[in-house]
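Reproduced below: protein_13.csv, with CSV, C-alpha atoms.
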```
chain,number,residue,atom,x,y,z
K,7,MET,CA,0.0,0.0,0.0
K,8,GLY,CA,1.1,3.6,-0.7
K,9,ALA,CA,2.0,6.3,1.8
K,10,ALA,CA,-1.2,8.2,1.0
K,11,ASP,CA,-3.7,5.3,1.5
K,12,TRP,CA,-6.6,5.4,3.9
K,13,PRO,CA,-6.7,1.7,4.8
K,14,GLN,CA,-9.0,1.7,7.9
K,15,ILE,CA,-11.1,3.8,10.2
K,16,LEU,CA,-9.6,7.2,10.9
K,17,GLY,CA,-6.7,6.6,8.4
K,18,PRO,CA,-3.3,5.0,8.5
K,19,THR,CA,-2.8,5.3,12.3
K,20,ARG,CA,-6.4,5.3,13.5
K,21,ASN,CA,-6.3,8.9,14.8
K,22,GLY,CA,-7.7,11.0,11.9
K,23,VAL,CA,-4.2,12.0,10.7
K,24,ALA,CA,-3.2,11.6,7.1
K,25,ALA,CA,0.2,10.1,6.3
K,26,GLU,CA,3.2,12.5,5.9
K,27,GLY,CA,3.3,11.7,2.2
K,28,GLU,CA,-0.3,12.7,1.6
K,29,VAL,CA,-1.2,15.4,-0.9
K,30,ALA,CA,-2.1,18.6,0.9
K,31,PRO,CA,-5.6,20.1,0.2
K,32,VAL,CA,-5.7,23.3,-1.8
K,33,ALA,CA,-8.0,26.2,-0.8
K,34,TRP,CA,-10.8,26.2,-3.3
K,35,GLY,CA,-12.6,29.3,-4.7
K,36,ALA,CA,-16.3,30.2,-5.0
K,37,LEU,CA,-17.1,27.2,-7.2
K,38,GLY,CA,-16.0,24.8,-4.5
K,39,PRO,CA,-13.6,21.9,-4.7
K,40,LYS,CA,-13.2,19.9,-7.9
K,41,PHE,CA,-16.0,17.3,-8.3
K,42,HIS,CA,-14.7,13.9,-9.4
K,43,TRP,CA,-17.6,11.5,-9.4
K,44,GLU,CA,-20.6,10.2,-7.5
K,45,ILE,CA,-22.5,6.9,-7.3
K,46,SER,CA,-25.8,5.8,-5.8
K,47,ILE,CA,-25.4,3.5,-2.7
K,48,GLY,CA,-27.5,1.7,-0.2
K,49,ARG,CA,-28.0,2.2,3.5
K,50,GLY,CA,-25.5,2.4,6.4
K,51,PHE,CA,-23.1,4.7,8.2
K,52,ALA,CA,-19.9,2.9,7.3
K,53,GLY,CA,-17.2,5.1,5.7
K,54,VAL,CA,-15.0,3.8,3.0
K,55,ALA,CA,-11.4,2.6,3.1
K,56,ALA,CA,-8.9,3.2,0.2
K,57,ALA,CA,-5.7,1.7,-1.0
K,58,ASP,CA,-3.8,1.0,-4.2
K,59,LYS,CA,-6.2,3.3,-6.2
K,60,LYS,CA,-9.2,1.4,-5.1
K,61,ALA,CA,-12.0,2.3,-2.6
K,62,TYR,CA,-13.9,-0.2,-0.6
K,63,LEU,CA,-17.6,0.5,0.1
K,64,PHE,CA,-19.7,-1.4,2.7
K,65,HIS,CA,-23.4,-0.8,2.6
K,66,ARG,CA,-26.8,-2.5,2.8
K,67,VAL,CA,-29.0,-3.1,-0.3
K,68,GLU,CA,-32.4,-4.6,0.6
K,69,ASP,CA,-31.6,-7.6,2.8
K,70,GLU,CA,-27.9,-8.0,2.0
K,71,GLU,CA,-24.8,-6.3,3.2
K,72,VAL,CA,-22.7,-5.6,0.2
K,73,THR,CA,-18.9,-5.0,0.1
K,74,SER,CA,-17.7,-3.5,-3.2
K,75,ALA,CA,-14.3,-2.6,-4.6
K,76,LEU,CA,-14.4,0.6,-6.7
K,77,ASP,CA,-11.9,2.1,-9.1
K,78,ILE,CA,-11.1,5.3,-7.2
K,79,ALA,CA,-10.5,7.2,-10.5
K,80,THR,CA,-14.0,6.6,-11.9
K,81,GLY,CA,-16.2,5.1,-9.1
K,82,LYS,CA,-16.8,2.0,-11.3
K,83,THR,CA,-17.5,-1.2,-9.4
K,84,LEU,CA,-14.7,-3.8,-9.8
K,85,TRP,CA,-16.4,-6.6,-7.7
K,86,SER,CA,-19.1,-7.0,-5.1
K,87,SER,CA,-19.5,-9.6,-2.3
K,88,LYS,CA,-22.9,-10.0,-0.6
K,89,SER,CA,-24.0,-11.5,2.7
K,90,PRO,CA,-27.6,-11.8,4.0
K,91,VAL,CA,-28.7,-9.6,7.0
K,92,ARG,CA,-32.0,-9.5,8.9
K,93,TYR,CA,-31.2,-6.7,11.4
K,94,VAL,CA,-34.0,-4.2,12.1
K,95,SER,CA,-33.1,-1.1,14.1
K,96,SER,CA,-35.3,-0.2,17.0
K,97,ILE,CA,-34.0,3.4,17.3
K,98,SER,CA,-32.3,4.6,14.1
K,99,SER,CA,-34.1,5.0,10.8
K,100,ASP,CA,-31.0,3.4,9.2
K,101,ASP,CA,-30.3,-0.4,9.3
K,102,GLY,CA,-27.1,-0.6,7.4
K,103,PRO,CA,-23.5,-1.4,8.5
K,104,ARG,CA,-21.7,1.1,10.7
K,105,CYS,CA,-18.1,-0.1,10.6
K,106,VAL,CA,-15.4,1.0,8.2
K,107,PRO,CA,-13.7,-1.8,6.2
K,108,THR,CA,-10.2,-2.7,7.3
K,109,ILE,CA,-7.5,-3.4,4.6
K,110,VAL,CA,-4.7,-5.7,5.7
K,111,GLY,CA,-2.4,-6.7,2.9
K,112,ASP,CA,-4.3,-8.9,0.4
K,113,LYS,CA,-7.3,-9.2,2.8
K,114,LEU,CA,-10.3,-7.0,3.6
K,115,VAL,CA,-12.2,-7.3,6.9
K,116,VAL,CA,-15.8,-6.1,7.4
K,117,PHE,CA,-18.0,-6.2,10.4
K,118,GLY,CA,-21.7,-6.0,9.8
K,119,VAL,CA,-24.5,-4.4,11.7
K,120,ALA,CA,-25.7,-7.7,13.1
K,121,GLY,CA,-22.3,-8.9,14.2
K,122,ASN,CA,-21.3,-10.8,11.0
K,123,LEU,CA,-17.5,-10.7,10.8
K,124,ARG,CA,-16.1,-11.5,7.3
K,125,CYS,CA,-12.7,-11.7,5.7
K,126,LEU,CA,-12.5,-11.3,2.0
K,127,GLU,CA,-9.8,-11.7,-0.7
K,128,ARG,CA,-9.1,-8.1,-1.6
K,129,ALA,CA,-8.4,-8.8,-5.3
K,130,THR,CA,-11.7,-10.6,-6.0
K,131,GLY,CA,-14.1,-10.3,-3.1
K,132,ARG,CA,-14.1,-14.0,-2.5
K,133,GLU,CA,-15.0,-14.8,1.1
K,134,LEU,CA,-12.1,-16.5,3.0
K,135,TRP,CA,-14.1,-17.0,6.3
K,136,SER,CA,-16.9,-15.5,8.3
K,137,ARG,CA,-18.1,-15.6,11.9
K,138,GLU,CA,-21.5,-14.8,13.3
K,139,THR,CA,-20.3,-13.1,16.5
K,140,TRP,CA,-23.7,-12.3,18.0
K,141,ARG,CA,-24.9,-15.8,17.6
K,142,ASP,CA,-21.6,-17.4,18.7
K,143,TYR,CA,-21.2,-15.2,21.8
K,144,ARG,CA,-24.9,-14.3,22.6
K,145,ALA,CA,-24.1,-10.6,22.4
K,146,PRO,CA,-26.9,-8.1,22.7
K,147,GLU,CA,-27.4,-5.8,19.7
K,148,GLY,CA,-27.2,-2.5,21.6
K,149,TYR,CA,-28.8,0.8,20.6
K,150,PHE,CA,-27.7,0.9,17.0
K,151,GLY,CA,-26.4,-2.6,16.2
K,152,ALA,CA,-22.7,-3.6,16.0
K,153,GLY,CA,-20.6,-0.5,15.4
K,154,SER,CA,-17.2,-1.0,16.9
K,155,THR,CA,-14.8,-1.3,13.9
K,156,PRO,CA,-12.4,-4.3,14.5
K,157,LEU,CA,-8.7,-3.8,15.0
K,158,VAL,CA,-6.4,-6.0,13.0
K,159,HIS,CA,-3.0,-6.4,14.8
K,160,ASP,CA,-0.3,-9.0,14.4
K,161,GLY,CA,-2.5,-11.6,12.7
K,162,ARG,CA,-5.4,-11.0,15.1
K,163,VAL,CA,-8.8,-9.5,14.4
K,164,ILE,CA,-9.8,-7.9,17.7
K,165,VAL,CA,-13.5,-7.1,18.2
K,166,ASN,CA,-15.4,-5.5,21.0
K,167,VAL,CA,-18.1,-8.2,20.6
K,168,GLY,CA,-19.8,-7.4,23.9
K,169,GLY,CA,-20.8,-10.9,24.8
K,170,PRO,CA,-21.3,-12.3,28.3
K,171,LYS,CA,-19.2,-15.0,30.0
K,172,GLY,CA,-15.8,-13.8,28.9
K,173,ALA,CA,-16.7,-12.7,25.4
K,174,GLY,CA,-16.5,-8.9,25.9
K,175,VAL,CA,-13.5,-8.6,23.6
K,176,VAL,CA,-12.6,-11.5,21.3
K,177,ALA,CA,-9.6,-12.0,19.0
K,178,PHE,CA,-10.0,-14.1,15.8
K,179,ALA,CA,-7.2,-15.4,13.6
K,180,LEU,CA,-6.8,-13.3,10.5
K,181,SER,CA,-5.8,-16.5,8.6
K,182,ASP,CA,-8.9,-18.6,9.2
K,183,GLY,CA,-11.3,-16.8,11.7
K,184,LYS,CA,-10.7,-19.2,14.6
K,185,THR,CA,-11.1,-17.8,18.1
K,186,LEU,CA,-7.7,-17.1,19.6
K,187,TRP,CA,-8.7,-15.6,22.9
K,188,GLN,CA,-11.7,-14.0,24.8
K,189,SER,CA,-11.5,-11.3,27.5
K,190,GLY,CA,-14.0,-9.8,30.0
K,191,ASP,CA,-17.7,-9.4,30.0
K,192,ASP,CA,-17.8,-5.8,28.9
K,193,LEU,CA,-20.7,-4.7,26.6
K,194,ALA,CA,-19.8,-3.3,23.2
K,195,SER,CA,-19.4,0.4,22.5
K,196,TYR,CA,-19.3,2.3,19.2
K,197,SER,CA,-15.6,3.2,19.8
K,198,THR,CA,-12.8,1.3,17.9
K,199,PRO,CA,-9.8,-0.4,19.6
K,200,VAL,CA,-6.4,1.1,19.1
K,201,VAL,CA,-2.7,0.0,19.7
K,202,MET,CA,-0.6,1.8,22.2
K,203,LYS,CA,3.0,1.3,23.4
K,204,VAL,CA,3.3,1.0,27.2
K,205,GLY,CA,6.9,0.6,28.5
K,206,GLY,CA,8.0,-0.4,25.1
K,207,GLN,CA,5.4,-3.1,24.8
K,208,GLU,CA,2.4,-3.0,22.4
K,209,ARG,CA,-1.0,-3.0,24.2
K,210,ILE,CA,-4.6,-2.9,23.1
K,211,VAL,CA,-6.9,-0.1,24.3
K,212,VAL,CA,-10.6,-0.7,24.1
K,213,VAL,CA,-13.2,1.8,25.2
K,214,ALA,CA,-16.2,-0.5,25.9
K,215,ARG,CA,-19.7,0.4,27.1
K,216,LEU,CA,-18.7,1.5,30.6
K,217,HIS,CA,-14.9,1.0,30.9
K,218,CYS,CA,-11.6,1.7,29.2
K,219,LEU,CA,-9.6,-1.5,29.1
K,220,LEU,CA,-5.9,-2.2,28.6
K,221,LEU,CA,-5.2,-5.7,27.2
K,222,ASP,CA,-2.2,-7.8,26.2
K,223,PRO,CA,-2.7,-8.4,22.5
K,224,ALA,CA,-1.1,-11.9,22.6
K,225,SER,CA,-3.3,-13.4,25.3
K,226,GLY,CA,-6.2,-10.9,25.9
K,227,LYS,CA,-5.2,-10.7,29.5
K,228,GLU,CA,-6.7,-7.6,31.1
K,229,LEU,CA,-3.9,-5.4,32.5
K,230,ALA,CA,-5.9,-2.4,33.7
K,231,ARG,CA,-9.3,-0.8,33.5
K,232,LEU,CA,-10.9,2.5,34.2
K,233,PRO,CA,-14.6,3.4,34.5
K,234,PHE,CA,-15.6,5.5,31.6
K,235,GLY,CA,-19.2,6.0,30.4
K,236,ALA,CA,-22.6,6.1,32.0
K,237,ARG,CA,-25.6,3.8,32.2
K,238,GLY,CA,-28.8,4.7,30.5
K,239,PRO,CA,-29.3,6.2,27.0
K,240,THR,CA,-25.6,7.1,26.4
K,241,VAL,CA,-22.9,5.8,24.1
K,242,ASN,CA,-19.1,5.8,23.9
K,243,ALA,CA,-18.3,6.4,20.3
K,244,ALA,CA,-15.1,8.5,19.9
K,245,THR,CA,-11.9,6.5,19.5
K,246,PRO,CA,-9.4,6.7,22.3
K,247,LEU,CA,-6.6,9.1,21.2
K,248,VAL,CA,-3.0,8.1,22.1
K,249,LEU,CA,-0.9,11.1,23.3
K,250,ASP,CA,2.6,9.6,23.9
K,251,ASP,CA,2.2,7.8,27.3
K,252,LYS,CA,-1.3,9.1,27.9
K,253,LEU,CA,-4.8,8.5,26.5
K,254,PHE,CA,-7.5,11.1,25.7
K,255,LEU,CA,-11.0,9.8,26.2
K,256,THR,CA,-14.1,11.8,25.3
K,257,ALA,CA,-17.9,11.3,25.3
K,258,SER,CA,-21.0,13.4,25.7
K,259,TYR,CA,-24.1,12.7,27.8
K,260,GLY,CA,-22.5,14.2,31.0
K,261,VAL,CA,-19.5,11.8,30.8
K,262,GLY,CA,-17.0,14.4,29.6
K,263,ALA,CA,-13.4,14.0,28.7
K,264,THR,CA,-10.5,12.4,30.7
K,265,LEU,CA,-6.8,12.5,30.2
K,266,VAL,CA,-5.4,9.2,31.4
K,267,LYS,CA,-1.8,8.3,32.5
K,268,VAL,CA,-1.1,4.7,31.3
K,269,SER,CA,1.1,2.0,32.9
K,270,ASP,CA,0.9,-1.8,32.6
K,271,THR,CA,-0.9,-2.0,35.9
K,272,LYS,CA,-3.0,1.2,36.1
K,273,LEU,CA,-5.1,3.6,34.1
K,274,GLU,CA,-5.0,6.8,36.2
K,275,PRO,CA,-6.9,9.9,35.4
K,276,ALA,CA,-4.8,13.1,35.3
K,277,TRP,CA,-8.0,15.1,35.0
K,278,SER,CA,-11.6,14.8,34.0
K,279,SER,CA,-13.9,17.5,32.8
K,280,ASP,CA,-17.2,17.9,31.0
K,281,GLU,CA,-16.4,21.5,30.1
K,282,LEU,CA,-13.4,21.1,27.8
K,283,LEU,CA,-14.0,18.8,24.9
K,284,SER,CA,-17.0,16.4,25.3
K,285,SER,CA,-17.7,14.8,22.0
K,286,GLN,CA,-20.8,12.8,21.2
K,287,TYR,CA,-19.1,10.7,18.5
K,288,THR,CA,-16.3,12.7,16.8
K,289,THR,CA,-12.7,11.6,17.4
K,290,PRO,CA,-10.5,14.7,17.9
K,291,VAL,CA,-7.2,15.1,16.0
K,292,ALA,CA,-3.9,16.1,17.7
K,293,HIS,CA,-1.4,18.5,16.3
K,294,LYS,CA,1.7,20.0,18.0
K,295,GLY,CA,0.4,19.2,21.5
K,296,LEU,CA,-3.1,20.6,20.9
K,297,LEU,CA,-6.4,18.9,20.3
K,298,PHE,CA,-9.0,20.0,17.7
K,299,GLY,CA,-12.5,18.5,18.1
K,300,LEU,CA,-16.2,19.1,18.4
K,301,HIS,CA,-17.7,19.8,21.8
K,302,GLY,CA,-21.4,19.0,22.1
K,303,ARG,CA,-24.0,16.9,20.5
K,304,GLN,CA,-25.8,16.6,17.1
K,305,ASP,CA,-29.2,16.0,18.6
K,306,VAL,CA,-29.1,18.7,21.4
K,307,GLY,CA,-28.1,22.3,20.6
K,308,SER,CA,-25.2,22.7,18.2
K,309,ALA,CA,-21.7,21.4,18.6
K,310,GLU,CA,-18.7,23.9,18.8
K,311,LEU,CA,-15.4,23.4,17.0
K,312,ARG,CA,-12.7,23.8,19.6
K,313,CYS,CA,-8.9,23.9,20.0
K,314,VAL,CA,-7.8,22.7,23.4
K,315,ASP,CA,-4.6,22.5,25.3
K,316,PRO,CA,-5.0,19.1,27.1
K,317,VAL,CA,-2.1,19.6,29.5
K,318,ASN,CA,-3.2,23.0,30.8
K,319,GLN,CA,-6.9,22.1,30.4
K,320,LYS,CA,-7.6,25.3,28.5
K,321,VAL,CA,-9.8,26.1,25.5
K,322,LEU,CA,-7.6,28.2,23.2
K,323,TRP,CA,-10.4,29.1,20.8
K,324,SER,CA,-14.0,28.0,19.9
K,325,GLU,CA,-16.2,28.4,16.9
K,326,PRO,CA,-19.8,28.3,18.1
K,327,ARG,CA,-22.7,26.6,16.2
K,328,PHE,CA,-20.2,24.8,13.9
K,329,GLY,CA,-22.2,21.6,13.9
K,330,ALA,CA,-21.4,17.9,14.4
K,331,GLY,CA,-19.3,16.0,12.0
K,332,HIS,CA,-15.8,14.6,11.5
K,333,LEU,CA,-12.2,15.9,11.2
K,334,ILE,CA,-9.1,14.9,9.2
K,335,LEU,CA,-5.7,16.4,9.8
K,336,VAL,CA,-3.5,16.8,6.7
K,337,GLY,CA,-0.2,18.5,7.4
K,338,ASP,CA,-0.9,21.8,9.0
K,339,SER,CA,-4.5,21.9,7.8
K,340,ILE,CA,-7.8,20.3,9.0
K,341,LEU,CA,-10.6,19.2,6.9
K,342,THR,CA,-14.0,19.0,8.5
K,343,ILE,CA,-17.3,17.7,7.1
K,344,THR,CA,-20.5,18.3,9.1
K,345,THR,CA,-23.8,16.6,9.0
K,346,ASP,CA,-25.3,19.3,6.8
K,347,GLY,CA,-22.8,18.5,4.0
K,348,LYS,CA,-20.6,21.5,4.6
K,349,LEU,CA,-16.8,21.0,4.0
K,350,THR,CA,-14.4,23.4,5.7
K,351,LEU,CA,-10.7,23.7,5.3
K,352,LEU,CA,-9.0,25.5,8.3
K,353,ARG,CA,-5.5,26.0,9.6
K,354,ALA,CA,-4.5,23.7,12.5
K,355,SER,CA,-3.4,26.6,14.7
K,356,GLY,CA,-3.9,27.3,18.4
K,357,GLU,CA,-3.9,31.1,17.8
K,358,LYS,CA,-7.4,31.4,16.3
K,359,TYR,CA,-10.0,29.8,14.2
K,360,GLU,CA,-8.8,30.5,10.6
K,361,LYS,CA,-11.1,29.3,7.8
K,362,LEU,CA,-9.3,28.8,4.5
K,363,ALA,CA,-12.2,27.6,2.4
K,364,GLN,CA,-15.7,26.3,2.8
K,365,ALA,CA,-18.4,24.8,0.5
K,366,THR,CA,-21.6,22.8,0.8
K,367,LEU,CA,-21.1,19.5,-1.1
K,368,THR,CA,-24.5,17.9,-0.5
K,369,GLN,CA,-27.9,18.9,0.8
K,370,ASP,CA,-28.4,15.4,2.4
K,371,THR,CA,-27.2,14.3,5.8
K,372,VAL,CA,-23.6,13.1,6.2
K,373,GLN,CA,-23.1,10.7,9.1
K,374,ALA,CA,-20.3,8.4,8.0
K,375,LEU,CA,-16.6,9.0,8.5
K,376,PRO,CA,-14.9,10.5,5.4
K,377,ALA,CA,-11.6,9.2,3.8
K,378,TYR,CA,-8.8,11.1,2.3
K,379,SER,CA,-6.4,9.4,-0.1
K,380,ASN,CA,-4.0,11.0,-2.6
K,381,GLY,CA,-5.7,14.3,-2.5
K,382,LEU,CA,-9.2,12.7,-3.0
K,383,LEU,CA,-11.9,13.2,-0.4
K,384,LEU,CA,-14.5,10.3,-0.3
K,385,PHE,CA,-17.6,10.6,1.8
K,386,ARG,CA,-21.2,9.4,1.7
K,387,ASP,CA,-24.6,10.8,2.6
K,388,THR,CA,-27.8,8.9,2.9
K,389,GLY,CA,-28.0,7.9,-0.8
K,390,LYS,CA,-24.7,8.6,-2.6
K,391,LEU,CA,-20.9,8.2,-2.3
K,392,TYR,CA,-19.0,11.2,-3.5
K,393,CYS,CA,-15.4,11.8,-4.6
K,394,PHE,CA,-13.9,15.3,-4.8
K,395,ASP,CA,-10.3,16.2,-5.8
K,396,LEU,CA,-9.0,18.6,-3.2
K,397,SER,CA,-5.5,18.9,-4.7
K,398,LYS,CA,-6.7,21.1,-7.5
K,399,LYS,CA,-8.5,24.5,-7.5
```

This entry written out as structure tokens:
Amino acid sequence: MGAADWPQILGPTRNGVAAEGEVAPVAWGALGPKFHWEISIGRGFAGVAAADKKAYLFHRVEDEEVTSALDIATGKTLWSSKSPVRYVSSISSDDGPRCVPTIVGDKLVVFGVAGNLRCLERATGRELWSRETWRDYRAPEGYFGAGSTPLVHDGRVIVNVGGPKGAGVVAFALSDGKTLWQSGDDLASYSTPVVMKVGGQERIVVVARLHCLLLDPASGKELARLPFGARGPTVNAATPLVLDDKLFLTASYGVGATLVKVSDTKLEPAWSSDELLSSQYTTPVAHKGLLFGLHGRQDVGSAELRCVDPVNQKVLWSEPRFGAGHLILVGDSILTITTDGKLTLLRASGEKYEKLAQATLTQDTVQALPAYSNGLLLFRDTGKLYCFDLSKK
């Protein structure tokens, strides 16, 4: 894969930051960024992944979850792989998949809304193996179905399944889908696991329904845990952000944000606050020691875009009524796309909010995470997948 690929949720390193070799976006004029292509798609909130000049779409068409490889230059479908699904949402109007596909070498891993975990051959879409995780581990479906994108690490597909009796987090073999280990009884969240180095050793961080967990990737052994979350109609959805030897956790619903000191035996809060950067589902991006993110909720009031100093617990600037959405850091610039279809390019600076360009790209609702690869922005609304070239005026 190339340096500018977007192979998984939140990009190359699962933190919303584009690779160093990525093409920087160019501020567009009054006509907006250069339109590349669009295609009609099915239901779901799963963003796309991209690698080797191909994009991978995961959506629901009627009663099937469909994974498709697309030519990123044209949007043309190269292959499609289908799997039946019977999930009916009790809360959301959408019943499609929520998890971004994960590209690992010649394989593609997708996790469906009803807990169907599949591994496909990336060149052809041929199914290599599948696991019905909800059925196998008796996991409850949660508020919006399965929505924690799996982590693939060192030959293991690590999933916050949310099953009882030791099946909170489960690792499956990437080679054949066999269960390698199970850990804990924690219910699933909508946050995705990440890798963190602790004392020179790689560890897995999982923000589950009510706790943050630190696990040994080889065995699944729980090394430490920290209460994070709240019972009732709440979710943990933002991905934990690794800041050197610390973690930044954020949620809304009165949970707030916590900066956590991490060791192999303890997750210790350095501070907790609901006034600094409490995000309903957006994962902030970090740049030069500062955090940029959205404070507030989509369904209550209007979220603010903020720049925060996490060490000194200080809001450096705030842009009110910005709206909920997602962020991508590219070099010294930040791309944001909000639920109203508005794309904004701003400078990643702690001095002030500095808008470089802005355009409305769709009138429909944008919920899914965007992808940015080789200067191309890929995002979906409720009916279409779009591609815009941000490297050209």

Thr345 of chain K: which residues within 9 Å, counting only C-alpha atoms, same-chain residues fewer than 6 positions away excluded, as a list of chain:residue names?
-> K:Gln304, K:Gly329, K:Ala330, K:Gly331, K:His332, K:Asp370, K:Thr371, K:Val372, K:Gln373, K:Ala374, K:Asp387

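Of the listed residues (K:Gly22, K:Ala55, K:Lys40, K:Ser339), K:Ala55 comes nearest to Ser379 of chain K; the distances count all atoms listed in the file.
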
Among K:Ser278, K:Ser269, K:Ser189, K:Thr342, Val176 of chain K is approached most closely, using all atoms listed in the file, by K:Ser189

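Of the residues under consideration (K:Leu186, K:Lys294, K:Ala24, K:Ala36), K:Ala36 shows the shortest atom-to-atom contact distance to Ala365 of chain K when counting all atoms listed in the file.
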
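Take atom CA of Ala56 of chain K and atom CA of Ala33 of chain K: the distance between them is 23.0 Å.
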